[in-house]
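Student: Provided herewith is a single structure, encoded as structure tokens, for subsequent inquiry.
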Amino acid sequence: MALIRGLRTISEKVLFPPFKNVSRAINAESSVAPLVRTTSTMQPLCQKQEVTVTFVRTNGERIEAKGKVGDTLLDIVVNNSVDLDGYGACEGTLTCSTCHLIFPKEVYDSLPEKPTLEEMDMLDLAYDLTETSRLGCQITMTKELDGLEVRVPATINDARS
């Protein structure tokens, strides 16, 4: 217990000395001035660029959602509480096909990451499969994808059932 009190006393006196009038100490250029940092050497926090995605249901309803560069389409649906029944049931673990989306051909061809074998296996179980189908949990947003518009199939198939 005495050791803890001793450490507390040292930390209070040495590490965090009481400054009654810091501005006067700095102006007077006393020995306290070197202990006070007047400028920051920290880098500002990097703000991720915001992106927009529009999910188009089969009935034509358009749902616009915002996310950040680096988010997956699944992240954007979850973070914006987008009402897509059953979407992302496996939480992005590639064990279902509930986040199946249909991309425009030119967007599909421009995606930096091609589907993996695991994704293709899950897509084989999806309803309304097309040549431009992908799983939203596997698509990471980039600034080039800002304004993306994807179709949501009429129904989902949870491959886990």
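Chains: A, B, ... in order of the structure tokens. Residues: from 1 per chain. Ligands: from 1, in order shown.
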With only C-alpha atoms counted and 12 Å as the cut-off, give the residues of stretch 77-100 of chain A in contact with stretch 125-135 of chain A, each with its shortest interatomic distance in Å and the pair that gives it, as CSV.

Tutor:
```
residue,atom,partner,partner_atom,distance
A:Tyr87,CA,A:Leu135,CA,10.3
A:Gly88,CA,A:Leu135,CA,9.1
A:Ala89,CA,A:Leu135,CA,11.9
A:Cys90,CA,A:Leu135,CA,11.6
A:Glu91,CA,A:Leu135,CA,11.6
A:Gly92,CA,A:Leu135,CA,9.0
A:Thr93,CA,A:Leu135,CA,10.9
A:Leu94,CA,A:Leu135,CA,8.5
A:Thr95,CA,A:Leu125,CA,10.6
A:Cys96,CA,A:Leu125,CA,8.3
A:Ser97,CA,A:Ala126,CA,5.6
A:Thr98,CA,A:Ala126,CA,7.5
A:Cys99,CA,A:Leu135,CA,5.2
A:His100,CA,A:Leu135,CA,4.5
```

Student: Would you pick out the contacts of A:Pro153 at 7 Å or less, using only C-alpha atoms, so that residues sharing its chain but fewer than 6 positions from it are not included, and give the list as a list in words?

Tutor: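 Everything that qualifies: Arg57, Thr58, Leu101 and Asp128 of chain A.
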
Student: Enumerate as JSON, numbers by chain all residues of stretch 27-155 of chain A assigned to helix (DSSP H, G or I) by DSSP on the backbone, naming them with the chain letters and numbers the document uses.

Tutor: {"A": [27, 33, 34, 35, 73, 74, 75, 76, 77, 78, 79, 105, 106, 107, 108, 109, 110, 117, 118, 119, 120, 121, 122, 123, 136, 137, 138, 143, 144, 145]}

Student: Just to confirm, what's the straight-line distance from atom CA of A:Met120 to atom CA of A:Ile102 in Å (one decimal)?

Tutor: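 A separation of 13.6 Å between them.
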
Student: Enumerate as a list of chain:residue names all residues of stretch 86-143 of chain A assigned to strand (DSSP E) by DSSP on the backbone, naming them with the chain letters and numbers the document uses.

Tutor: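 Taking stretch 86-143 of chain A and keeping strand (DSSP E) only, one gets A:His100, A:Leu101, A:Ile102, A:Ser133, A:Arg134, A:Leu135.
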
Student: Go ahead and save the picked residues with N, CA, C and O atoms, as a PDB file, in the first residue's frame.

Tutor:
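And here's result_12.pdb as it stands now:
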```
ATOM      1  N   HIS A 100     -26.921 -11.613 -51.961  1.00  0.00           N
ATOM      2  CA  HIS A 100     -26.819 -11.667 -53.422  1.00  0.00           C
ATOM      3  C   HIS A 100     -27.332 -10.353 -54.029  1.00  0.00           C
ATOM      4  O   HIS A 100     -28.419  -9.894 -53.706  1.00  0.00           O
ATOM      5  N   LEU A 101     -26.522  -9.757 -54.895  1.00  0.00           N
ATOM      6  CA  LEU A 101     -26.885  -8.536 -55.607  1.00  0.00           C
ATOM      7  C   LEU A 101     -26.549  -8.701 -57.079  1.00  0.00           C
ATOM      8  O   LEU A 101     -25.647  -9.467 -57.438  1.00  0.00           O
ATOM      9  N   ILE A 102     -27.233  -7.943 -57.922  1.00  0.00           N
ATOM     10  CA  ILE A 102     -26.996  -8.003 -59.364  1.00  0.00           C
ATOM     11  C   ILE A 102     -26.456  -6.650 -59.820  1.00  0.00           C
ATOM     12  O   ILE A 102     -27.082  -5.606 -59.588  1.00  0.00           O
ATOM     13  N   SER A 133     -23.954 -11.435 -61.063  1.00  0.00           N
ATOM     14  CA  SER A 133     -24.294 -11.574 -59.644  1.00  0.00           C
ATOM     15  C   SER A 133     -23.035 -11.620 -58.793  1.00  0.00           C
ATOM     16  O   SER A 133     -22.037 -12.225 -59.181  1.00  0.00           O
ATOM     17  N   ARG A 134     -23.109 -10.980 -57.626  1.00  0.00           N
ATOM     18  CA  ARG A 134     -22.041 -11.052 -56.625  1.00  0.00           C
ATOM     19  C   ARG A 134     -22.683 -11.036 -55.252  1.00  0.00           C
ATOM     20  O   ARG A 134     -23.848 -10.668 -55.097  1.00  0.00           O
ATOM     21  N   LEU A 135     -21.912 -11.418 -54.246  1.00  0.00           N
ATOM     22  CA  LEU A 135     -22.370 -11.323 -52.858  1.00  0.00           C
ATOM     23  C   LEU A 135     -21.903  -9.985 -52.301  1.00  0.00           C
ATOM     24  O   LEU A 135     -20.716  -9.645 -52.387  1.00  0.00           O
TER      25      LEU A 135
END
```

Student: Record the distance separating atom CA of A:Asp83 and atom CA of A:Thr142, expressed in Å with one decimal.

Tutor: 23.2 Å

Student: For stretch 60-75 of chain A, find every residue with an atom within 6 Å (counting only C-alpha atoms), except residues of its own chain fewer than 5 positions away, and show them as a count of residues only.

Tutor: 14
